[in-house]
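Comments concern the structure below.
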There are 2 protein chains.
Amino acid sequence: MKLRRDPFQAIADPTRRAILVLLAAQTMSAGAIANNFDAARPTISKHLTVLSECDLIDSNQQGREIFYELKVDNMKKIDQWLEQFRKIWEDRFENLDNYLSQIQNKKK
Amino acid sequence: MKLRRDPFQAIADPTRRAILVLLAAQTMSAGAIANNFDAARPTISKHLTVLSECDLIDSNQQGREIFYELKVDNMKKIDQWLEQFRKIWEDRFENLDNYLSQIQNKKK
DNA sequence: TATATATGTAGCTATTTAGCTACGCAAATG
DNA sequence: CATTTGCGTAGCTAAATAGCTACATATATA
């Protein structure tokens with residue numbers, strides 16, 4: 001193996017996905033984030049480190065608190081990768097659509 | 001930890017992502033898939049097992065060959081999860097758009 | 001200034017992962 | 001019917017992961 005630090009790796013963990021969802025709503029301090037989970041605070045701290053390394057969040061200190069903010073740009077890479085599959089399921093939907101139209105026409 | 005068998009886990013590995021891309025184009029036999037990679041054939045076989053467990057591919061045997069086919073439906077789960085973030089970057093794009101319009105107007 | 005608070009780091013463990021070689025088995029072929 | 005071919009499984013290893021407790025450090029507060 002090899003340490004993978006990319007958005008795909010980042011979202012593989014459900015806790016990290018939940019953190020990202022939290023940060024999608026608002027910027028939050030490390031402690032505030034951790035309060036949303038059962039896991040120990042250092043565990044969440046580590047997840048935040050991973051998310052930073054995967055370049056999905058930014059941090060900035062304010063006093064003794066550290067605020068984390070979503071960096072939406074790298075999220076788009078997942079979206080872009082999905083593009084090629086999206087075409088397939090849209091095609092299938094179209095096919096289903098056509099099929100349903102055909103049934104409709106036969107009825108007429 | 002706990003064995004995670006979901007589409008997010010499936011696409012965390014780059015080899016598995018590449019397999020999915022291959023299968024997006026066409027159904028392929030296990031051997032044909034393996035030929036596209038440097039990894040040993042059993043390694044690819046294991047990735048195929050994981051992808052099956054994550055419910056992203058289907059297999060059916062034809063003679064001594066086993067053909068694998070993309071199951072696009074579970075891919076959509078990733079797409080659906082991304083939805084909430086897509087809103088954010090679309091908003092930002094709109095904001096940029098508005099900003100650019102304002103500049104345009106000022107020039108006029 | 002002593003204390004409380006916010007947060008990261010060190011260091012450990014159990015589990016999972018990705019990879020390999022060796023092997024087994026069923027289907028096709030000579 | 002012996003052999004080749006296609007493919008999964010067993011069993012191993014090194015590395016990564018996710019989790020924890022204990023500790024260090026810096027900032028705020030009494």
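Going through the structure tokens in order, the chains are called A, B, and so on, while each chain numbers its residues from 1 and the ligands are numbered from 1 in the order shown.
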
Residues near segment 61-76 of chain A, cut-off 12 Å, only C-alpha atoms (C1' of nucleotides), skip fewer than 6 positions along chain, as a JSON list (two decimals) with N, CA and C atoms (P, O5', C5', C4', C3', O3' and C1' of nucleotides), in the first residue's frame:
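What ended up in out-v6.json:
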```json
[["chain", "number", "residue", "atom", "x", "y", "z"],
["A", 5, "ARG", "N", -3.55, 10.29, 0.08],
["A", 5, "ARG", "CA", -4.18, 11.49, 0.60],
["A", 5, "ARG", "C", -4.88, 12.23, -0.53],
["A", 6, "ASP", "N", -6.09, 11.74, -0.83],
["A", 6, "ASP", "CA", -6.90, 12.33, -1.89],
["A", 6, "ASP", "C", -8.36, 12.33, -1.41],
["A", 7, "PRO", "N", -9.22, 13.06, -2.11],
["A", 7, "PRO", "CA", -10.62, 13.16, -1.66],
["A", 7, "PRO", "C", -11.32, 11.79, -1.58],
["A", 8, "PHE", "N", -10.91, 10.85, -2.41],
["A", 8, "PHE", "CA", -11.55, 9.53, -2.40],
["A", 8, "PHE", "C", -11.25, 8.80, -1.10],
["A", 9, "GLN", "N", -10.01, 8.90, -0.68],
["A", 9, "GLN", "CA", -9.59, 8.32, 0.59],
["A", 9, "GLN", "C", -10.31, 9.03, 1.74],
["A", 10, "ALA", "N", -10.39, 10.34, 1.64],
["A", 10, "ALA", "CA", -10.98, 11.15, 2.71],
["A", 10, "ALA", "C", -12.42, 10.72, 3.01],
["A", 11, "ILE", "N", -13.20, 10.51, 1.97],
["A", 11, "ILE", "CA", -14.63, 10.23, 2.20],
["A", 11, "ILE", "C", -14.91, 8.74, 2.43],
["A", 16, "ARG", "N", -15.52, 10.92, 8.86],
["A", 16, "ARG", "CA", -15.01, 12.04, 8.06],
["A", 16, "ARG", "C", -16.10, 12.60, 7.16],
["A", 17, "ARG", "N", -16.91, 11.71, 6.60],
["A", 17, "ARG", "CA", -18.03, 12.21, 5.77],
["A", 17, "ARG", "C", -18.95, 13.08, 6.61],
["A", 19, "ILE", "N", -18.20, 14.79, 9.27],
["A", 19, "ILE", "CA", -17.52, 16.06, 9.56],
["A", 19, "ILE", "C", -17.68, 17.01, 8.38],
["A", 20, "LEU", "N", -17.49, 16.47, 7.18],
["A", 20, "LEU", "CA", -17.62, 17.31, 5.98],
["A", 20, "LEU", "C", -19.03, 17.88, 5.86],
["A", 21, "VAL", "N", -20.01, 17.06, 6.20],
["A", 21, "VAL", "CA", -21.41, 17.53, 6.13],
["A", 21, "VAL", "C", -21.62, 18.66, 7.13],
["A", 22, "LEU", "N", -21.07, 18.49, 8.34],
["A", 22, "LEU", "CA", -21.16, 19.55, 9.35],
["A", 22, "LEU", "C", -20.56, 20.84, 8.82],
["A", 23, "LEU", "N", -19.38, 20.71, 8.24],
["A", 23, "LEU", "CA", -18.66, 21.90, 7.78],
["A", 23, "LEU", "C", -19.29, 22.51, 6.52],
["A", 24, "ALA", "N", -20.14, 21.73, 5.86],
["A", 24, "ALA", "CA", -20.85, 22.26, 4.70],
["A", 24, "ALA", "C", -21.85, 23.32, 5.16],
["A", 25, "ALA", "N", -22.35, 23.15, 6.38],
["A", 25, "ALA", "CA", -23.34, 24.08, 6.92],
["A", 25, "ALA", "C", -22.68, 25.32, 7.49],
["A", 26, "GLN", "N", -21.54, 25.11, 8.19],
["A", 26, "GLN", "CA", -20.88, 26.26, 8.82],
["A", 26, "GLN", "C", -19.45, 25.91, 9.25],
["A", 27, "THR", "N", -18.66, 26.93, 9.35],
["A", 27, "THR", "CA", -17.32, 26.81, 9.93],
["A", 27, "THR", "C", -17.47, 26.50, 11.42],
["A", 28, "MET", "N", -16.63, 25.58, 11.91],
["A", 28, "MET", "CA", -16.74, 25.19, 13.32],
["A", 28, "MET", "C", -15.38, 24.99, 13.96],
["A", 29, "SER", "N", -15.33, 25.16, 15.28],
["A", 29, "SER", "CA", -14.09, 24.90, 16.02],
["A", 29, "SER", "C", -13.93, 23.39, 16.20],
["A", 30, "ALA", "N", -12.69, 22.96, 16.44],
["A", 30, "ALA", "CA", -12.39, 21.55, 16.64],
["A", 30, "ALA", "C", -13.28, 20.94, 17.72],
["A", 31, "GLY", "N", -13.42, 21.66, 18.83],
["A", 31, "GLY", "CA", -14.22, 21.15, 19.94],
["A", 31, "GLY", "C", -15.68, 21.01, 19.56],
["A", 32, "ALA", "N", -16.20, 22.02, 18.89],
["A", 32, "ALA", "CA", -17.60, 21.99, 18.46],
["A", 32, "ALA", "C", -17.85, 20.80, 17.54],
["A", 33, "ILE", "N", -16.90, 20.54, 16.66],
["A", 33, "ILE", "CA", -17.03, 19.38, 15.75],
["A", 33, "ILE", "C", -17.06, 18.11, 16.58],
["A", 34, "ALA", "N", -16.09, 17.99, 17.49],
["A", 34, "ALA", "CA", -15.96, 16.77, 18.29],
["A", 34, "ALA", "C", -17.22, 16.50, 19.12],
["A", 45, "SER", "N", -9.68, 14.83, 16.18],
["A", 45, "SER", "CA", -8.55, 15.68, 15.80],
["A", 45, "SER", "C", -7.75, 15.03, 14.67],
["A", 47, "HIS", "N", -8.88, 12.84, 12.48],
["A", 47, "HIS", "CA", -9.68, 12.90, 11.26],
["A", 47, "HIS", "C", -9.55, 14.27, 10.61],
["A", 48, "LEU", "N", -9.51, 15.30, 11.44],
["A", 48, "LEU", "CA", -9.35, 16.66, 10.90],
["A", 48, "LEU", "C", -8.00, 16.80, 10.21],
["A", 49, "THR", "N", -6.98, 16.18, 10.80],
["A", 49, "THR", "CA", -5.66, 16.20, 10.18],
["A", 49, "THR", "C", -5.70, 15.52, 8.80],
["A", 51, "LEU", "N", -8.29, 15.10, 6.87],
["A", 51, "LEU", "CA", -9.07, 15.93, 5.94],
["A", 51, "LEU", "C", -8.25, 17.11, 5.44],
["A", 52, "SER", "N", -7.40, 17.64, 6.32],
["A", 52, "SER", "CA", -6.50, 18.73, 5.91],
["A", 52, "SER", "C", -5.50, 18.24, 4.88],
["A", 53, "GLU", "N", -4.92, 17.07, 5.17],
["A", 53, "GLU", "CA", -3.93, 16.50, 4.26],
["A", 53, "GLU", "C", -4.55, 16.15, 2.90],
["A", 54, "CYS", "N", -5.81, 15.81, 2.92],
["A", 54, "CYS", "CA", -6.53, 15.53, 1.68],
["A", 54, "CYS", "C", -7.02, 16.82, 1.03],
["A", 55, "ASP", "N", -6.71, 17.93, 1.68],
["A", 55, "ASP", "CA", -7.01, 19.26, 1.14],
["A", 55, "ASP", "C", -8.51, 19.50, 0.97],
["A", 82, "LEU", "N", -17.07, 11.04, -11.19],
["A", 82, "LEU", "CA", -18.39, 10.41, -11.33],
["A", 82, "LEU", "C", -19.02, 10.69, -12.68],
["A", 83, "GLU", "N", -18.58, 11.76, -13.31],
["A", 83, "GLU", "CA", -19.16, 12.21, -14.56],
["A", 83, "GLU", "C", -19.36, 11.06, -15.56],
["B", 78, "ILE", "N", -23.08, 7.74, -4.16],
["B", 78, "ILE", "CA", -22.00, 8.73, -4.03],
["B", 78, "ILE", "C", -22.48, 10.06, -4.59],
["B", 79, "ASP", "N", -23.10, 9.96, -5.74],
["B", 79, "ASP", "CA", -23.63, 11.15, -6.40],
["B", 79, "ASP", "C", -24.63, 11.86, -5.50],
["B", 81, "TRP", "N", -24.84, 11.69, -2.25],
["B", 81, "TRP", "CA", -24.16, 12.28, -1.10],
["B", 81, "TRP", "C", -23.49, 13.60, -1.47],
["B", 82, "LEU", "N", -22.96, 13.64, -2.69],
["B", 82, "LEU", "CA", -22.27, 14.85, -3.17],
["B", 82, "LEU", "C", -23.24, 16.02, -3.35],
["B", 83, "GLU", "N", -24.50, 15.69, -3.54],
["B", 83, "GLU", "CA", -25.51, 16.69, -3.83],
["B", 83, "GLU", "C", -25.39, 17.91, -2.91],
["B", 84, "GLN", "N", -25.29, 17.65, -1.61],
["B", 84, "GLN", "CA", -25.26, 18.74, -0.63],
["B", 84, "GLN", "C", -24.06, 19.69, -0.82],
["B", 85, "PHE", "N", -22.99, 19.15, -1.36],
["B", 85, "PHE", "CA", -21.80, 19.99, -1.58],
["B", 85, "PHE", "C", -21.89, 20.69, -2.92],
["B", 86, "ARG", "N", -22.50, 19.99, -3.86],
["B", 86, "ARG", "CA", -22.69, 20.57, -5.20],
["B", 86, "ARG", "C", -23.41, 21.90, -5.08],
["B", 87, "LYS", "N", -24.40, 21.93, -4.20],
["B", 87, "LYS", "CA", -25.13, 23.18, -3.97],
["B", 87, "LYS", "C", -24.17, 24.30, -3.60],
["B", 88, "ILE", "N", -23.24, 23.98, -2.72],
["B", 88, "ILE", "CA", -22.31, 25.02, -2.26],
["B", 88, "ILE", "C", -21.48, 25.56, -3.41],
["B", 89, "TRP", "N", -20.88, 24.67, -4.20],
["B", 89, "TRP", "CA", -20.00, 25.21, -5.23],
["B", 89, "TRP", "C", -20.78, 25.86, -6.37],
["B", 90, "GLU", "N", -22.03, 25.45, -6.54],
["B", 90, "GLU", "CA", -22.85, 26.14, -7.53],
["B", 90, "GLU", "C", -23.19, 27.55, -7.04],
["B", 91, "ASP", "N", -23.50, 27.67, -5.75],
["B", 91, "ASP", "CA", -23.76, 28.98, -5.17],
["B", 91, "ASP", "C", -22.57, 29.89, -5.36],
["B", 92, "ARG", "N", -21.40, 29.35, -5.07],
["B", 92, "ARG", "CA", -20.19, 30.16, -5.19],
["B", 92, "ARG", "C", -19.99, 30.61, -6.61],
["B", 93, "PHE", "N", -20.31, 29.70, -7.54],
["B", 93, "PHE", "CA", -20.17, 30.04, -8.95],
["B", 93, "PHE", "C", -21.13, 31.16, -9.31],
["C", 5, "DT", "P", -13.09, 24.86, 32.77],
["C", 5, "DT", "O5'", -12.48, 25.17, 31.33],
["C", 5, "DT", "C5'", -12.47, 26.51, 30.87],
["C", 5, "DT", "C4'", -11.85, 26.54, 29.49],
["C", 5, "DT", "C3'", -12.32, 25.40, 28.58],
["C", 5, "DT", "O3'", -12.74, 26.01, 27.37],
["C", 5, "DT", "C1'", -9.97, 25.54, 28.60],
["C", 6, "DA", "P", -13.37, 25.22, 26.19],
["C", 6, "DA", "O5'", -12.12, 25.17, 25.21],
["C", 6, "DA", "C5'", -11.69, 26.35, 24.54],
["C", 6, "DA", "C4'", -10.66, 25.94, 23.52],
["C", 6, "DA", "C3'", -11.08, 24.74, 22.67],
["C", 6, "DA", "O3'", -10.86, 25.06, 21.30],
["C", 6, "DA", "C1'", -8.98, 24.33, 23.68],
["C", 7, "DT", "P", -11.24, 24.05, 20.16],
["C", 7, "DT", "O5'", -9.86, 23.27, 20.01],
["C", 7, "DT", "C5'", -8.71, 24.01, 19.61],
["C", 7, "DT", "C4'", -7.50, 23.13, 19.70],
["C", 7, "DT", "C3'", -7.62, 21.80, 18.95],
["C", 7, "DT", "O3'", -6.82, 21.84, 17.82],
["C", 7, "DT", "C1'", -6.44, 21.60, 20.99],
["C", 8, "DG", "P", -6.77, 20.66, 16.76],
["C", 8, "DG", "O5'", -5.26, 20.16, 16.85],
["C", 8, "DG", "C5'", -4.21, 21.13, 16.76],
["C", 8, "DG", "C4'", -2.93, 20.57, 17.37],
["C", 8, "DG", "C3'", -2.45, 19.28, 16.72],
["C", 8, "DG", "O3'", -1.06, 19.37, 16.43],
["C", 8, "DG", "C1'", -2.66, 18.98, 19.05],
["D", 25, "DT", "P", 5.79, 21.17, 25.92],
["D", 25, "DT", "O5'", 4.65, 22.12, 25.34],
["D", 25, "DT", "C5'", 4.16, 21.90, 24.03],
["D", 25, "DT", "C4'", 3.13, 22.96, 23.72],
["D", 25, "DT", "C3'", 3.45, 24.32, 24.32],
["D", 25, "DT", "O3'", 3.14, 25.32, 23.38],
["D", 25, "DT", "C1'", 1.31, 23.66, 24.98],
["D", 26, "DA", "P", 3.84, 26.78, 23.43],
["D", 26, "DA", "O5'", 2.65, 27.75, 23.04],
["D", 26, "DA", "C5'", 1.73, 27.36, 22.02],
["D", 26, "DA", "C4'", 0.35, 27.85, 22.41],
["D", 26, "DA", "C3'", 0.34, 29.29, 22.93],
["D", 26, "DA", "O3'", -0.68, 29.99, 22.26],
["D", 26, "DA", "C1'", -0.85, 27.86, 24.39],
["D", 27, "DT", "P", -0.64, 31.59, 22.19],
["D", 27, "DT", "O5'", -2.09, 31.96, 22.72],
["D", 27, "DT", "C5'", -3.22, 31.32, 22.14],
["D", 27, "DT", "C4'", -4.34, 31.30, 23.14],
["D", 27, "DT", "C3'", -4.67, 32.67, 23.72],
["D", 27, "DT", "O3'", -6.05, 32.86, 23.51],
["D", 27, "DT", "C1'", -4.55, 31.07, 25.41],
["D", 28, "DA", "P", -6.75, 34.30, 23.59],
["D", 28, "DA", "O5'", -7.54, 34.22, 24.96],
["D", 28, "DA", "C5'", -8.80, 33.57, 24.96],
["D", 28, "DA", "C4'", -9.13, 33.11, 26.35],
["D", 28, "DA", "C3'", -9.66, 34.22, 27.26],
["D", 28, "DA", "O3'", -10.94, 33.81, 27.69],
["D", 28, "DA", "C1'", -8.07, 32.89, 28.38]]
```

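Selected on chain D by distance to chain A: DT13, DA14, DA15, DA16, DT17, DA18, DG19, DC20, DT21, DA22, DT25, DA26, DT27 and DA28 of chain D (within 12 Å, counting only C-alpha atoms (C1' of nucleotides)).
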
Taking only C-alpha atoms (C1' of nucleotides) into account and nothing else, which residues of chain C lie no more than 12 Å away from chain B? Please answer as a PyMOL selection string.
chain C and resi 13-22+25-28

Please superimpose chain A upon chain B, fitting all C-alpha atoms matched one to one in order, and report the result as an mmCIF file with C-alpha atoms, in the first residue's frame.
```cif
data_model
loop_
_atom_site.group_PDB
_atom_site.id
_atom_site.type_symbol
_atom_site.label_atom_id
_atom_site.label_comp_id
_atom_site.auth_asym_id
_atom_site.auth_seq_id
_atom_site.Cartn_x
_atom_site.Cartn_y
_atom_site.Cartn_z
ATOM 1 C CA MET A 1 -12.567 -0.202 12.709
ATOM 2 C CA LYS A 2 -15.048 -2.404 11.014
ATOM 3 C CA LEU A 3 -15.286 -3.873 7.572
ATOM 4 C CA ARG A 4 -16.976 -1.263 5.436
ATOM 5 C CA ARG A 5 -18.573 -2.507 2.289
ATOM 6 C CA ASP A 6 -20.124 0.525 0.643
ATOM 7 C CA PRO A 7 -19.490 2.476 -2.570
ATOM 8 C CA PHE A 8 -17.370 5.037 -0.693
ATOM 9 C CA GLN A 9 -15.010 2.336 0.495
ATOM 10 C CA ALA A 10 -15.003 0.746 -2.953
ATOM 11 C CA ILE A 11 -13.764 3.840 -4.772
ATOM 12 C CA ALA A 12 -11.099 4.672 -2.188
ATOM 13 C CA ASP A 13 -8.646 2.423 -4.026
ATOM 14 C CA PRO A 14 -7.271 3.691 -7.356
ATOM 15 C CA THR A 15 -7.094 0.211 -8.890
ATOM 16 C CA ARG A 16 -10.744 -0.376 -8.078
ATOM 17 C CA ARG A 17 -11.637 2.994 -9.569
ATOM 18 C CA ALA A 18 -9.797 2.001 -12.748
ATOM 19 C CA ILE A 19 -11.652 -1.317 -12.867
ATOM 20 C CA LEU A 20 -14.957 0.519 -12.580
ATOM 21 C CA VAL A 21 -13.961 2.821 -15.432
ATOM 22 C CA LEU A 22 -13.097 -0.213 -17.575
ATOM 23 C CA LEU A 23 -16.439 -1.802 -16.804
ATOM 24 C CA ALA A 24 -18.236 1.446 -17.584
ATOM 25 C CA ALA A 25 -17.198 0.929 -21.198
ATOM 26 C CA GLN A 26 -17.968 -2.781 -21.457
ATOM 27 C CA THR A 27 -18.528 -6.045 -19.658
ATOM 28 C CA MET A 28 -15.246 -7.923 -19.314
ATOM 29 C CA SER A 29 -13.883 -11.265 -18.133
ATOM 30 C CA ALA A 30 -11.707 -11.412 -15.010
ATOM 31 C CA GLY A 31 -8.632 -12.157 -17.100
ATOM 32 C CA ALA A 32 -9.293 -9.337 -19.544
ATOM 33 C CA ILE A 33 -9.634 -6.931 -16.616
ATOM 34 C CA ALA A 34 -6.426 -8.183 -15.016
ATOM 35 C CA ASN A 35 -4.528 -7.691 -18.293
ATOM 36 C CA ASN A 36 -4.972 -3.956 -17.866
ATOM 37 C CA PHE A 37 -2.942 -3.861 -14.681
ATOM 38 C CA ASP A 38 0.569 -4.606 -13.472
ATOM 39 C CA ALA A 39 -0.744 -6.248 -10.322
ATOM 40 C CA ALA A 40 -0.853 -10.035 -10.022
ATOM 41 C CA ARG A 41 -4.069 -11.634 -11.224
ATOM 42 C CA PRO A 42 -5.188 -12.810 -7.753
ATOM 43 C CA THR A 43 -4.783 -9.237 -6.549
ATOM 44 C CA ILE A 44 -7.255 -8.070 -9.172
ATOM 45 C CA SER A 45 -9.478 -11.019 -8.316
ATOM 46 C CA LYS A 46 -9.613 -9.745 -4.746
ATOM 47 C CA HIS A 47 -10.520 -6.260 -5.897
ATOM 48 C CA LEU A 48 -13.339 -7.770 -7.927
ATOM 49 C CA THR A 49 -14.553 -9.543 -4.803
ATOM 50 C CA VAL A 50 -14.541 -6.266 -2.890
ATOM 51 C CA LEU A 51 -16.412 -4.500 -5.681
ATOM 52 C CA SER A 52 -18.982 -7.310 -5.634
ATOM 53 C CA GLU A 53 -19.372 -7.032 -1.876
ATOM 54 C CA CYS A 54 -19.831 -3.287 -2.265
ATOM 55 C CA ASP A 55 -22.534 -4.145 -4.793
ATOM 56 C CA LEU A 56 -20.971 -2.158 -7.615
ATOM 57 C CA ILE A 57 -20.502 -5.062 -10.014
ATOM 58 C CA ASP A 58 -22.270 -8.251 -11.010
ATOM 59 C CA SER A 59 -20.684 -11.439 -12.277
ATOM 60 C CA ASN A 60 -21.898 -14.250 -14.435
ATOM 61 C CA GLN A 61 -20.054 -17.294 -15.590
ATOM 62 C CA GLN A 62 -19.905 -18.299 -19.247
ATOM 63 C CA GLY A 63 -17.990 -21.488 -19.713
ATOM 64 C CA ARG A 64 -14.740 -21.174 -17.849
ATOM 65 C CA GLU A 65 -14.784 -17.396 -17.998
ATOM 66 C CA ILE A 66 -16.449 -15.092 -15.514
ATOM 67 C CA PHE A 67 -17.759 -11.844 -16.875
ATOM 68 C CA TYR A 68 -18.059 -8.761 -14.722
ATOM 69 C CA GLU A 69 -20.529 -6.016 -15.349
ATOM 70 C CA LEU A 70 -20.941 -2.604 -13.767
ATOM 71 C CA LYS A 71 -23.925 -2.116 -11.473
ATOM 72 C CA VAL A 72 -24.410 1.589 -11.805
ATOM 73 C CA ASP A 73 -27.149 1.927 -9.206
ATOM 74 C CA ASN A 74 -24.989 1.984 -6.094
ATOM 75 C CA MET A 75 -22.725 4.514 -7.756
ATOM 76 C CA LYS A 76 -25.617 6.906 -7.500
ATOM 77 C CA LYS A 77 -25.315 6.859 -3.714
ATOM 78 C CA ILE A 78 -22.051 8.732 -4.023
ATOM 79 C CA ASP A 79 -23.693 11.132 -6.412
ATOM 80 C CA GLN A 80 -26.548 11.652 -3.990
ATOM 81 C CA TRP A 81 -24.207 12.288 -1.102
ATOM 82 C CA LEU A 82 -22.337 14.843 -3.190
ATOM 83 C CA GLU A 83 -25.580 16.684 -3.840
ATOM 84 C CA GLN A 84 -25.323 18.766 -0.666
ATOM 85 C CA PHE A 85 -21.868 19.995 -1.633
ATOM 86 C CA ARG A 86 -22.764 20.561 -5.237
ATOM 87 C CA LYS A 87 -25.230 23.163 -4.000
ATOM 88 C CA ILE A 88 -22.408 25.014 -2.303
ATOM 89 C CA TRP A 89 -20.112 25.195 -5.274
ATOM 90 C CA GLU A 90 -22.973 26.135 -7.565
ATOM 91 C CA ASP A 91 -23.870 28.949 -5.181
ATOM 92 C CA ARG A 92 -20.283 30.134 -5.206
ATOM 93 C CA PHE A 93 -20.275 30.019 -8.960
ATOM 94 C CA GLU A 94 -23.448 32.082 -9.013
ATOM 95 C CA ASN A 95 -21.855 34.556 -6.629
ATOM 96 C CA LEU A 96 -18.848 34.834 -8.876
ATOM 97 C CA ASP A 97 -21.215 35.238 -11.766
ATOM 98 C CA ASN A 98 -23.069 38.042 -10.010
ATOM 99 C CA TYR A 99 -19.812 39.651 -9.083
ATOM 100 C CA LEU A 100 -18.638 39.585 -12.671
ATOM 101 C CA SER A 101 -21.970 41.041 -13.778
ATOM 102 C CA GLN A 102 -21.553 43.866 -11.325
ATOM 103 C CA ILE A 103 -18.137 44.661 -12.745
ATOM 104 C CA GLN A 104 -19.613 44.607 -16.218
ATOM 105 C CA ASN A 105 -22.363 47.019 -15.152
ATOM 106 C CA LYS A 106 -19.909 49.406 -13.565
ATOM 107 C CA LYS A 107 -17.967 49.516 -16.780
ATOM 108 C CA LYS A 108 -21.062 50.496 -18.703
#
```

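Between atom C1' of DC23 of chain C and atom C1' of DT5 of chain D the separation is 15.3 Å.
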
Could you tell me, as a PyMOL selection string, which residues of chain A DSSP assigns to strand (DSSP E or B) when given the backbone?
chain A and resi 28-29+57-62+65-70

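The interatomic distance for the pair atom C1' of DT4 of chain D and atom C1' of DG24 of chain C works out to 15.0 Å.
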
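Interatomic distance, atom C1' of DC12 of chain C against atom C1' of DC12 of chain D: 24.6 Å.
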